[in-house]
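Following: one structure in structure tokens, then a few remarks.
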Amino acid sequence: MPEYIKQNVQWFPGHMAKTRRLIKESLALVDGVVELVDARVPYSSRNPELDEIIKNKPRIILLNKCDVANQNATSLWLKHFKNKGFYALAVDCRTGKGLNRFEDTVKEALKDVIKRNNSKGMVNKPLRLMVVGIPNTGKSSFINRMGKNAKAKVADKAGVTRQNQWFVVGNGIEMLDTPGVLWPKFDDPEVGDKLAFIGSIKDEVTDIQTLSCRLLEALAKTKPEMIEERYKITVNSAMQGWEILEEIGRKRGFLIKGGEIDYERAAVIVSDEFRAGKLGRITLELPNG
């Protein structure tokens with residue numbers, strides 16, 4: 001039986017503190033903010049500091065990777081964010097699903113900015129948006145998809161650093177890309193777990209066996225049928241993660257010398273297949289209100 005510790009995941013390298021400062025400094029350069037979150041964990045994949053940093057700037061929230069999230073849960077999250085006063089879209093930035101509505105949403109979210117520009121004689125002035133989000137939520141995929149052949153704008157512009165990059169994506173929209181930024185600590189250890197599940201925290205920072213065991217325990221309580229369907233085993237909510245991982249390893253024939261289960265190989269498979277959506281369309285959290 002492998003041993004794994006219920007330790008909190010914490011990850012806040014120095015460059016993330018710098019990114020947070022750059023976001024604050026760059027807000028004056030943009031008309032609005034595009035925030036990407038992972039549709040499987042829309043709460044956990046939002047940086048809680050952003051609300052304080054961004055304040056009243058118009059914001060569009062993109063629930064990315066909706067193709068691997070539960071559709072009904074995504075609908076609940078869209079309603080939740082709209083009730084909070086945000087514009088929200090469910091998208092998949094790899095395929096472009098849902099992004100056909102992005103430009104119209106931008107114009108609606110920034111209608112006051114457009115009106116103000118027009119009143120000053122600046123008709124068709126480009127709308128500038130800052131793209132933010134924690135690591136691995138798909139910011140680069142979003143910019144590449146929107147711009148297709150998006151090119152970086154000349155960077156010798158006041159307030160722009162080499163860490164923040166402007167892109168012209170056409171149709172009167174410019175975007176300021178920022179590095180992914182987490183926050184200093186996760187008060188709720190489950191948040192850290194969920195971010196590790198989706199790959200927002202580098203696997204090198206966590207133990208892959210511990211991570212997969214926690215994921216399997218969570219799924220056994222909420223979606224046991226998905227584990228059973230994918231791995232052709234029987235599970236119940238009382239099983240510990242290592243027991244499920246052992247069954248998966250045995251079923252897949254992941255054995256090492258002496259006939260022992262290769263837990264490491266099984267753990268990597270579970271993690272990779274969850275992230276790729278091979279276990280099904282799973283959302284790990286729902287809005288509270």
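How things are named: the first chain in the structure tokens is A, the next is B, and so on; residues count from 1 in each chain; ligands count from 1 in the order shown.
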
Could you list, as a PyMOL selection string, every residue within 7 Å of Val169 (chain A), counting only C-alpha atoms and ignoring same-chain residues fewer than 3 positions away? chain A and resi 146-147+150+173-174

Residues from the last selection, N, CA, C and O atoms, saved as a tab-separated table (two decimals), in the first residue's frame:
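New file out07.tsv:
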chain	number	residue	atom	x	y	z
A	146	MET	N	-8.08	33.62	-31.88
A	146	MET	CA	-8.76	34.86	-32.25
A	146	MET	C	-8.01	35.60	-33.36
A	146	MET	O	-8.63	36.16	-34.26
A	147	GLY	N	-6.69	35.60	-33.27
A	147	GLY	CA	-5.90	36.33	-34.24
A	147	GLY	C	-5.51	35.52	-35.44
A	147	GLY	O	-5.04	36.05	-36.44
A	150	ALA	N	-2.13	36.11	-35.50
A	150	ALA	CA	-1.94	37.30	-34.67
A	150	ALA	C	-0.48	37.67	-34.57
A	150	ALA	O	0.39	36.82	-34.36
A	173	ILE	N	-9.76	45.22	-32.48
A	173	ILE	CA	-9.48	44.72	-31.12
A	173	ILE	C	-7.98	44.45	-30.97
A	173	ILE	O	-7.37	43.81	-31.82
A	174	GLU	N	-7.42	44.95	-29.91
A	174	GLU	CA	-6.03	44.67	-29.54
A	174	GLU	C	-6.03	44.00	-28.18
A	174	GLU	O	-6.85	44.33	-27.32

Mind listing the strand (DSSP E or B) residues of region 37-176 of chain A, per DSSP on the backbone, as number ranges by chain? A: 37-38, 59-64, 87-90, 92, 97, 127-132, 151-152, 165-170, 173-176

Extract, using only C-alpha atoms, all DNA, RNA and protein residues at most 12 Å from Lys148 (chain A), discarding same-chain residues fewer than 4 positions from it, and format them as a list of chain:residue names. A:Cys93, A:Arg94, A:Thr95, A:Gly96, A:Ser140, A:Ser141, A:Phe142, A:Ile143, A:Asn144, A:Phe167, A:Val168, A:Val169, A:Gly170

May I have a table of the residues of region 86-172 of chain A lying at most 9 Å from region 55-75 of chain A, giving each one's closest pair of atoms and their distance in Å to one decimal, counting only C-alpha atoms, ordered by chain and ascending residue number, as JSON lines?
{"residue": "A:Phe86", "atom": "CA", "partner": "A:Arg59", "partner_atom": "CA", "distance": 5.9}
{"residue": "A:Tyr87", "atom": "CA", "partner": "A:Ile60", "partner_atom": "CA", "distance": 4.7}
{"residue": "A:Ala88", "atom": "CA", "partner": "A:Ile61", "partner_atom": "CA", "distance": 4.6}
{"residue": "A:Leu89", "atom": "CA", "partner": "A:Leu62", "partner_atom": "CA", "distance": 5.0}
{"residue": "A:Ala90", "atom": "CA", "partner": "A:Leu63", "partner_atom": "CA", "distance": 4.7}
{"residue": "A:Val91", "atom": "CA", "partner": "A:Asn64", "partner_atom": "CA", "distance": 4.9}
{"residue": "A:Asp92", "atom": "CA", "partner": "A:Lys65", "partner_atom": "CA", "distance": 4.7}
{"residue": "A:Cys93", "atom": "CA", "partner": "A:Asn64", "partner_atom": "CA", "distance": 6.5}
{"residue": "A:Arg94", "atom": "CA", "partner": "A:Lys65", "partner_atom": "CA", "distance": 8.2}
{"residue": "A:Lys97", "atom": "CA", "partner": "A:Asp67", "partner_atom": "CA", "distance": 8.6}
{"residue": "A:Thr105", "atom": "CA", "partner": "A:Ile60", "partner_atom": "CA", "distance": 7.9}
{"residue": "A:Val106", "atom": "CA", "partner": "A:Ile60", "partner_atom": "CA", "distance": 7.5}
{"residue": "A:Ala109", "atom": "CA", "partner": "A:Pro58", "partner_atom": "CA", "distance": 6.2}
{"residue": "A:Leu110", "atom": "CA", "partner": "A:Pro58", "partner_atom": "CA", "distance": 6.8}
{"residue": "A:Thr137", "atom": "CA", "partner": "A:Asn64", "partner_atom": "CA", "distance": 6.9}
{"residue": "A:Gly138", "atom": "CA", "partner": "A:Asn64", "partner_atom": "CA", "distance": 7.0}
{"residue": "A:Phe142", "atom": "CA", "partner": "A:Asn64", "partner_atom": "CA", "distance": 8.9}

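Non-sequential neighbours of Ala196 (chain A) (distance at most 9 Å, separation of 4 or more positions within a chain, only C-alpha atoms) are Val9, Val191, Gly192, Ser200, Ile201, Lys202, Asp203, Thr206 and Leu211 of chain A.
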
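Distances to Leu76 (chain A) were evaluated for A:Pro179, A:Glu229, A:Ala267, A:Pro42 using only C-alpha atoms, and the minimum falls at A:Pro42.
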
Which distance in Å separates CA of Glu247 (chain A) and CA of Lys223 (chain A), to one decimal?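 That distance, rounded to one decimal, is 16.7 Å.
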
Tell me which protein, DNA and RNA residues are within 12 Å of Leu127 (chain A), counting only C-alpha atoms, leaving out same-chain ones fewer than 2 positions away, and put them as a VMD selection string. chain A and resid 29 to 33 58 103 106 to 117 122 to 125 129 to 130 167 to 176

Those residues you just picked out, can you put them in a file as a short mmCIF file (atom, residue, chain, number, x, y, z; two decimals), in the first residue's frame with C-alpha atoms?
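Saved as again-v1.cif:
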data_model
loop_
_atom_site.label_atom_id
_atom_site.label_comp_id
_atom_site.auth_asym_id
_atom_site.auth_seq_id
_atom_site.Cartn_x
_atom_site.Cartn_y
_atom_site.Cartn_z
CA LEU A 29 -3.79 50.98 -20.85
CA VAL A 30 -6.88 48.85 -21.48
CA ASP A 31 -10.63 49.33 -21.84
CA GLY A 32 -11.62 45.96 -20.45
CA VAL A 33 -10.43 42.57 -19.23
CA PRO A 58 -15.65 45.78 -17.82
CA GLU A 103 -16.55 40.14 -30.80
CA VAL A 106 -16.84 42.72 -26.49
CA LYS A 107 -18.85 45.46 -28.20
CA GLU A 108 -21.70 44.97 -25.77
CA ALA A 109 -19.43 44.95 -22.72
CA LEU A 110 -17.58 48.06 -23.93
CA LYS A 111 -20.54 49.95 -25.37
CA ASP A 112 -19.95 52.86 -22.97
CA VAL A 113 -16.30 53.03 -24.03
CA ILE A 114 -17.28 53.03 -27.71
CA LYS A 115 -19.87 55.74 -27.09
CA ARG A 116 -17.32 57.87 -25.23
CA ASN A 117 -14.74 57.45 -28.00
CA MET A 122 -12.34 58.84 -32.12
CA VAL A 123 -14.62 56.68 -34.24
CA ASN A 124 -13.36 53.11 -34.68
CA LYS A 125 -10.64 53.59 -32.10
CA LEU A 129 -8.33 44.22 -23.76
CA MET A 130 -6.08 42.63 -21.17
CA PHE A 167 -1.33 41.52 -30.13
CA VAL A 168 -3.47 42.93 -32.93
CA VAL A 169 -6.23 40.41 -33.58
CA GLY A 170 -8.23 42.41 -36.12
CA ASN A 171 -11.74 43.89 -36.22
CA GLY A 172 -10.66 46.79 -34.08
CA ILE A 173 -9.48 44.72 -31.12
CA GLU A 174 -6.03 44.67 -29.54
CA MET A 175 -5.05 42.34 -26.73
CA LEU A 176 -2.45 42.54 -24.01
#

Quote the spacing between CA of Asp262 (chain A) and CA of Leu195 (chain A) in Å to one decimal place. 24.9 Å

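Taking CA of Thr283 (chain A) and CA of Ser44 (chain A) as endpoints, the distance between them is 11.4 Å.
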
Identify, on the basis of only C-alpha atoms, every residue whose closest approach to Arg250 (chain A) does not exceed 7 Å; exclude the query and any residue fewer than 4 positions from it along the same chain; express the result as a ChimeraX atom specification. /A:246,254,261

Looking at A:Leu22, A:Ile198, A:Ala218, A:Ile54, which one is nearest to Arg40 (chain A), with distances taken over only C-alpha atoms? A:Ile198
